[in-house]
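Undergrad: My structure is below; once you've seen it, I'll send some questions.
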Amino acid sequence: MSENLQAIEKAIITKQPKDVVLAFLLNTSKELVANAAEKLVAEDAIYTSLNFNNPELKQIEPWAGTSTGREVYVYTFSNVGTYWNVDDFQVTDLIGEGETVAVFGKFTYTSVIAKNTFTSPFAIKATVKDGLITYFQFLEDTYASAASFRVEGEWTIQQDADNSKRFNVSANS
């Protein structure tokens with residue numbers, strides 16, 4: 001039995017929040033996530049990806065925002081594996097207190113179409129009840145992930161009233 005499936009079996013037996021979250025993360029490839037979600041995610045689980053509700057970002061990354069249901073987990077992680085090649089994904093810290101689990105780490109992805117590579121830290125807050133994930137919030141460097149799809153265009157940036165501090169950011173920056 002593979003390490004991925006062993007992690008799911010352990011989580012099912014122990015029902016420990018840290019085991020459940022780690023088992024889910026070990027099984028988030030587009031080939032494995034449906035099975036992991038079926039066994040480790042509650043049917044009415046809430047998933048918050050990157051923000052609570054940002055319509056513009058949702059156009060770039062359709063899973064962004066808050067959604068409910070096990071199928072959202074499958075949709076989100078399947079699309080990560082479709083939009084990007086996962087070059088590296090490392091969990092550096094996994095902390096649990098009662099039903100709450102915090103996970104920290106970093107990943108490197110390369111966008112499939114634009115071929116832009118970025119490395120981002122990530123943070124997850126998850127809630128596990130009775131051996132099932134009921135809440136999962138995933139945060140990353142959203143600017144870098146969205147920019148990995150940029151193939152052309154330019155933004156003019158101005159952070160304060162001093163016009164001399166304006167600058168442009170382009171797809172080739």
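Each chain in the structure tokens gets a letter, A, B and so on, in the order shown; residues start at 1 in every chain, and ligands are counted from 1 in the order they appear.
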Hey, what's within 8 Å of segment 108-118 of chain A if we count only C-alpha atoms and toss same-chain stuff fewer than 6 positions away? As a list in words, please?
TA: Thr82, Tyr83, Trp84, Asn85, Val86, Asp87, Asp88, Phe89, Ala144, Ser145, Ser148, Phe149, Arg150 and Val151 of chain A
Undergrad: Keeping only all heavy atoms, take the residues you just selected and write them out as a tab-separated table (two decimals), in the first residue's frame.
TA:
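Done, and the output landed in result.tsv:
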```
chain	number	residue	atom	x	y	z
A	82	THR	N	-4.33	20.86	-12.95
A	82	THR	CA	-4.60	21.08	-14.36
A	82	THR	C	-3.99	22.41	-14.83
A	82	THR	O	-3.42	22.49	-15.92
A	82	THR	CB	-6.12	21.10	-14.63
A	82	THR	OG1	-6.66	19.83	-14.24
A	82	THR	CG2	-6.44	21.36	-16.09
A	83	TYR	N	-4.08	23.44	-14.01
A	83	TYR	CA	-3.59	24.77	-14.38
A	83	TYR	C	-2.08	24.89	-14.18
A	83	TYR	O	-1.43	25.67	-14.86
A	83	TYR	CB	-4.26	25.83	-13.52
A	83	TYR	CG	-5.70	26.13	-13.89
A	83	TYR	CD1	-6.62	25.13	-14.16
A	83	TYR	CD2	-6.15	27.43	-13.93
A	83	TYR	CE1	-7.94	25.42	-14.47
A	83	TYR	CE2	-7.47	27.73	-14.24
A	83	TYR	CZ	-8.35	26.73	-14.51
A	83	TYR	OH	-9.65	27.02	-14.81
A	84	TRP	N	-1.54	24.14	-13.22
A	84	TRP	CA	-0.11	24.22	-12.91
A	84	TRP	C	0.50	22.83	-12.85
A	84	TRP	O	-0.17	21.86	-12.50
A	84	TRP	CB	0.14	24.85	-11.54
A	84	TRP	CG	-0.18	26.29	-11.41
A	84	TRP	CD1	0.51	27.34	-11.93
A	84	TRP	CD2	-1.23	26.87	-10.63
A	84	TRP	NE1	-0.06	28.53	-11.55
A	84	TRP	CE2	-1.14	28.26	-10.76
A	84	TRP	CE3	-2.27	26.33	-9.86
A	84	TRP	CZ2	-2.02	29.14	-10.13
A	84	TRP	CZ3	-3.14	27.19	-9.24
A	84	TRP	CH2	-3.02	28.58	-9.39
A	85	ASN	N	1.78	22.74	-13.11
A	85	ASN	CA	2.57	21.56	-12.76
A	85	ASN	C	3.07	21.80	-11.34
A	85	ASN	O	3.62	22.88	-11.05
A	85	ASN	CB	3.76	21.39	-13.71
A	85	ASN	CG	3.31	21.03	-15.10
A	85	ASN	OD1	2.43	20.20	-15.28
A	85	ASN	ND2	3.90	21.66	-16.09
A	86	VAL	N	2.85	20.86	-10.46
A	86	VAL	CA	3.30	20.98	-9.08
A	86	VAL	C	4.75	20.48	-9.05
A	86	VAL	O	5.01	19.28	-9.09
A	86	VAL	CB	2.39	20.17	-8.12
A	86	VAL	CG1	2.91	20.27	-6.70
A	86	VAL	CG2	0.95	20.65	-8.23
A	87	ASP	N	5.67	21.43	-9.01
A	87	ASP	CA	7.09	21.10	-9.02
A	87	ASP	C	7.58	20.68	-7.63
A	87	ASP	O	8.48	19.85	-7.52
A	87	ASP	CB	7.91	22.30	-9.50
A	87	ASP	CG	7.46	22.80	-10.87
A	87	ASP	OD1	7.17	21.96	-11.75
A	87	ASP	OD2	7.39	24.03	-11.06
A	88	ASP	N	6.99	21.25	-6.59
A	88	ASP	CA	7.39	20.94	-5.22
A	88	ASP	C	6.27	21.37	-4.29
A	88	ASP	O	5.61	22.39	-4.52
A	88	ASP	CB	8.69	21.69	-4.87
A	88	ASP	CG	9.27	21.27	-3.53
A	88	ASP	OD1	9.19	20.07	-3.19
A	88	ASP	OD2	9.81	22.14	-2.83
A	89	PHE	N	6.03	20.61	-3.24
A	89	PHE	CA	5.05	20.95	-2.21
A	89	PHE	C	5.59	20.40	-0.90
A	89	PHE	O	5.75	19.18	-0.76
A	89	PHE	CB	3.68	20.33	-2.52
A	89	PHE	CG	2.60	20.80	-1.58
A	89	PHE	CD1	1.83	21.91	-1.88
A	89	PHE	CD2	2.36	20.13	-0.39
A	89	PHE	CE1	0.83	22.34	-1.02
A	89	PHE	CE2	1.37	20.56	0.48
A	89	PHE	CZ	0.60	21.67	0.17
A	144	ALA	N	1.42	36.21	-6.77
A	144	ALA	CA	2.32	35.37	-7.57
A	144	ALA	C	1.55	34.29	-8.32
A	144	ALA	O	1.85	34.00	-9.49
A	144	ALA	CB	3.39	34.73	-6.68
A	145	SER	N	0.56	33.68	-7.67
A	145	SER	CA	-0.18	32.61	-8.35
A	145	SER	C	-0.99	33.15	-9.51
A	145	SER	O	-0.98	32.58	-10.61
A	145	SER	CB	-1.05	31.82	-7.38
A	145	SER	OG	-2.09	32.60	-6.85
A	148	SER	N	1.20	34.18	-12.43
A	148	SER	CA	1.80	33.07	-13.19
A	148	SER	C	1.02	32.79	-14.48
A	148	SER	O	1.54	32.14	-15.39
A	148	SER	CB	1.89	31.80	-12.34
A	148	SER	OG	0.63	31.18	-12.18
A	149	PHE	N	-0.20	33.29	-14.58
A	149	PHE	CA	-1.00	33.12	-15.79
A	149	PHE	C	-0.86	34.29	-16.76
A	149	PHE	O	-1.35	34.23	-17.88
A	149	PHE	CB	-2.49	32.96	-15.44
A	149	PHE	CG	-2.78	31.78	-14.57
A	149	PHE	CD1	-3.51	31.92	-13.41
A	149	PHE	CD2	-2.34	30.51	-14.92
A	149	PHE	CE1	-3.80	30.82	-12.61
A	149	PHE	CE2	-2.61	29.41	-14.13
A	149	PHE	CZ	-3.35	29.58	-12.97
A	150	ARG	N	-0.21	35.37	-16.33
A	150	ARG	CA	-0.14	36.58	-17.15
A	150	ARG	C	0.79	36.35	-18.34
A	150	ARG	O	1.92	35.92	-18.17
A	150	ARG	CB	0.34	37.75	-16.31
A	150	ARG	CG	0.22	39.06	-17.05
A	150	ARG	CD	0.40	40.27	-16.19
A	150	ARG	NE	1.58	40.15	-15.36
A	150	ARG	CZ	1.88	41.00	-14.40
A	150	ARG	NH1	1.08	42.00	-14.13
A	150	ARG	NH2	2.96	40.83	-13.68
A	151	VAL	N	0.29	36.67	-19.52
A	151	VAL	CA	1.09	36.53	-20.74
A	151	VAL	C	1.34	37.88	-21.41
A	151	VAL	O	2.24	38.00	-22.24
A	151	VAL	CB	0.44	35.55	-21.74
A	151	VAL	CG1	0.47	34.13	-21.20
A	151	VAL	CG2	-0.97	35.96	-22.10
```
Undergrad: Taking a cut-off of 6 Å and counting only C-alpha atoms, can you build a table that, for each residue of segment 83-109 of chain A near segment 126-137 of chain A, reports the nearest atom pair and how far apart they are in Å (one decimal), sorted by chain then residue number, as a Markdown table?
TA:
```
| residue | atom | partner | partner_atom | distance |
| --- | --- | --- | --- | --- |
| A:Glu99 | CA | A:Val128 | CA | 5.1 |
| A:Thr100 | CA | A:Thr127 | CA | 4.7 |
| A:Val101 | CA | A:Ala126 | CA | 5.1 |
```
Undergrad: Would you save the residues of that selection, restricted to N, CA and C atoms, as a PDB file, in the first residue's frame?
TA:
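Heads up, here's the output in selection-v6.pdb:
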```pdb
ATOM      1  N   GLU A  99      -9.698  20.543  17.767  1.00  0.00           N
ATOM      2  CA  GLU A  99     -10.202  20.279  16.422  1.00  0.00           C
ATOM      3  C   GLU A  99      -9.512  21.122  15.343  1.00  0.00           C
ATOM      4  N   THR A 100      -8.658  22.057  15.765  1.00  0.00           N
ATOM      5  CA  THR A 100      -8.034  22.999  14.835  1.00  0.00           C
ATOM      6  C   THR A 100      -6.620  22.568  14.480  1.00  0.00           C
ATOM      7  N   VAL A 101      -6.317  22.629  13.193  1.00  0.00           N
ATOM      8  CA  VAL A 101      -4.985  22.288  12.689  1.00  0.00           C
ATOM      9  C   VAL A 101      -4.481  23.472  11.859  1.00  0.00           C
TER      10      VAL A 101
END
```
Undergrad: Within segment 55-105 of chain A, find each residue whose DSSP state, derived from the backbone, is strand (DSSP E), and express the selection as a compact mmCIF listing (two decimals) with N, CA and C atoms, in the first residue's frame.
TA:
```txt
# COMPACT_ATOMS: atom_id res chain seq x y z
N GLY A 65 -12.37 32.11 -3.23
CA GLY A 65 -13.55 32.50 -2.46
C GLY A 65 -13.99 31.39 -1.53
N THR A 66 -15.18 31.53 -1.00
CA THR A 66 -15.72 30.57 -0.05
C THR A 66 -16.84 29.76 -0.71
N SER A 67 -16.75 28.45 -0.57
CA SER A 67 -17.75 27.54 -1.13
C SER A 67 -18.02 26.43 -0.12
N THR A 68 -19.11 25.72 -0.34
CA THR A 68 -19.50 24.64 0.56
C THR A 68 -19.70 23.36 -0.22
N TRP A 84 -1.54 24.14 -13.22
CA TRP A 84 -0.11 24.22 -12.91
C TRP A 84 0.50 22.83 -12.85
N ASN A 85 1.78 22.74 -13.11
CA ASN A 85 2.57 21.56 -12.76
C ASN A 85 3.07 21.80 -11.34
N VAL A 86 2.85 20.86 -10.46
CA VAL A 86 3.30 20.98 -9.08
C VAL A 86 4.75 20.48 -9.05
N ASP A 87 5.67 21.43 -9.01
CA ASP A 87 7.09 21.10 -9.02
C ASP A 87 7.58 20.68 -7.63
N ASP A 88 6.99 21.25 -6.59
CA ASP A 88 7.39 20.94 -5.22
C ASP A 88 6.27 21.37 -4.29
N PHE A 89 6.03 20.61 -3.24
CA PHE A 89 5.05 20.95 -2.21
C PHE A 89 5.59 20.40 -0.90
N GLN A 90 5.92 21.28 0.03
CA GLN A 90 6.52 20.87 1.29
C GLN A 90 5.75 21.41 2.48
N VAL A 91 5.36 20.52 3.37
CA VAL A 91 4.80 20.91 4.66
C VAL A 91 5.98 21.06 5.60
N THR A 92 6.13 22.24 6.20
CA THR A 92 7.24 22.47 7.13
C THR A 92 6.79 22.40 8.58
N ASP A 93 5.51 22.77 8.85
CA ASP A 93 4.99 22.74 10.20
C ASP A 93 3.53 22.32 10.18
N LEU A 94 3.17 21.47 11.12
CA LEU A 94 1.79 21.01 11.27
C LEU A 94 1.49 21.06 12.77
N ILE A 95 0.57 21.93 13.15
CA ILE A 95 0.29 22.18 14.56
C ILE A 95 -1.18 21.91 14.82
N GLY A 96 -1.48 21.19 15.88
CA GLY A 96 -2.87 20.90 16.21
C GLY A 96 -3.21 21.27 17.63
N GLU A 97 -4.41 21.78 17.80
CA GLU A 97 -4.94 22.09 19.12
C GLU A 97 -6.43 21.77 19.08
N THR A 100 -8.66 22.06 15.77
CA THR A 100 -8.03 23.00 14.84
C THR A 100 -6.62 22.57 14.48
N VAL A 101 -6.32 22.63 13.19
CA VAL A 101 -4.98 22.29 12.69
C VAL A 101 -4.48 23.47 11.86
N ALA A 102 -3.22 23.84 12.09
CA ALA A 102 -2.56 24.86 11.28
C ALA A 102 -1.41 24.19 10.55
N VAL A 103 -1.28 24.49 9.27
CA VAL A 103 -0.23 23.91 8.44
C VAL A 103 0.50 25.05 7.74
N PHE A 104 1.82 24.95 7.71
CA PHE A 104 2.63 25.94 7.03
C PHE A 104 3.62 25.22 6.12
N GLY A 105 3.99 25.86 5.03
CA GLY A 105 4.95 25.26 4.13
C GLY A 105 5.21 26.14 2.94
```
Undergrad: Neighbouring residues of Ala7 of chain A were defined as those with any atom within 8 Å, considering only C-alpha atoms; residues of the same chain fewer than 5 positions away were excluded. Please report them as number ranges by chain.
TA: A: 19, 22-23, 26
Undergrad: With distances taken over only C-alpha atoms, which residue among A:Asn79, A:Thr142, A:Asn163, A:Thr28 lies nearest Asn54 of chain A?
TA: A:Thr142
Undergrad: Let me make sure I understand: among A:Pro17, A:Gly153, A:Gly98, A:Pro121, which one has the smallest atom-to-atom distance to Leu40 of chain A if we use only C-alpha atoms?
TA: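 Using only C-alpha atoms, the shortest distance to Leu40 of chain A belongs to A:Pro17.
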Undergrad: Skipping near chain neighbours, those fewer than 4 positions away, what residues fall within 10 Å of Glu31 of chain A using only C-alpha atoms, listed as an mmCIF file with C-alpha atoms, in the first residue's frame?
TA:
```
data_model
loop_
_atom_site.group_PDB
_atom_site.id
_atom_site.type_symbol
_atom_site.label_atom_id
_atom_site.label_comp_id
_atom_site.auth_asym_id
_atom_site.auth_seq_id
_atom_site.Cartn_x
_atom_site.Cartn_y
_atom_site.Cartn_z
ATOM 1 C CA ASN A 27 -3.624 12.932 -1.507
ATOM 2 C CA ASN A 35 -10.884 9.378 -2.948
ATOM 3 C CA VAL A 74 -12.169 17.842 -5.532
ATOM 4 C CA PHE A 77 -7.323 20.469 -6.107
ATOM 5 C CA SER A 78 -8.039 18.887 -9.497
ATOM 6 C CA GLY A 81 -3.116 19.979 -11.035
#
```
Undergrad: With distances taken over only C-alpha atoms, which of A:Gln16, A:Thr48, A:Ser170, A:Thr76 is nearest to Val33 of chain A?
TA: A:Thr76
Undergrad: Any idea what the distance is between atom CA of Phe24 of chain A and atom CA of Ala64 of chain A?
TA: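 Computed distance, atom CA of Phe24 of chain A to atom CA of Ala64 of chain A, equals 19.2 Å.
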Undergrad: Calculate how many Å separate atom CA of Lys106 of chain A from atom CA of Thr119 of chain A, rounding to one decimal.
TA: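 If I compute the distance from atom CA of Lys106 of chain A to atom CA of Thr119 of chain A, I get 7.0 Å.
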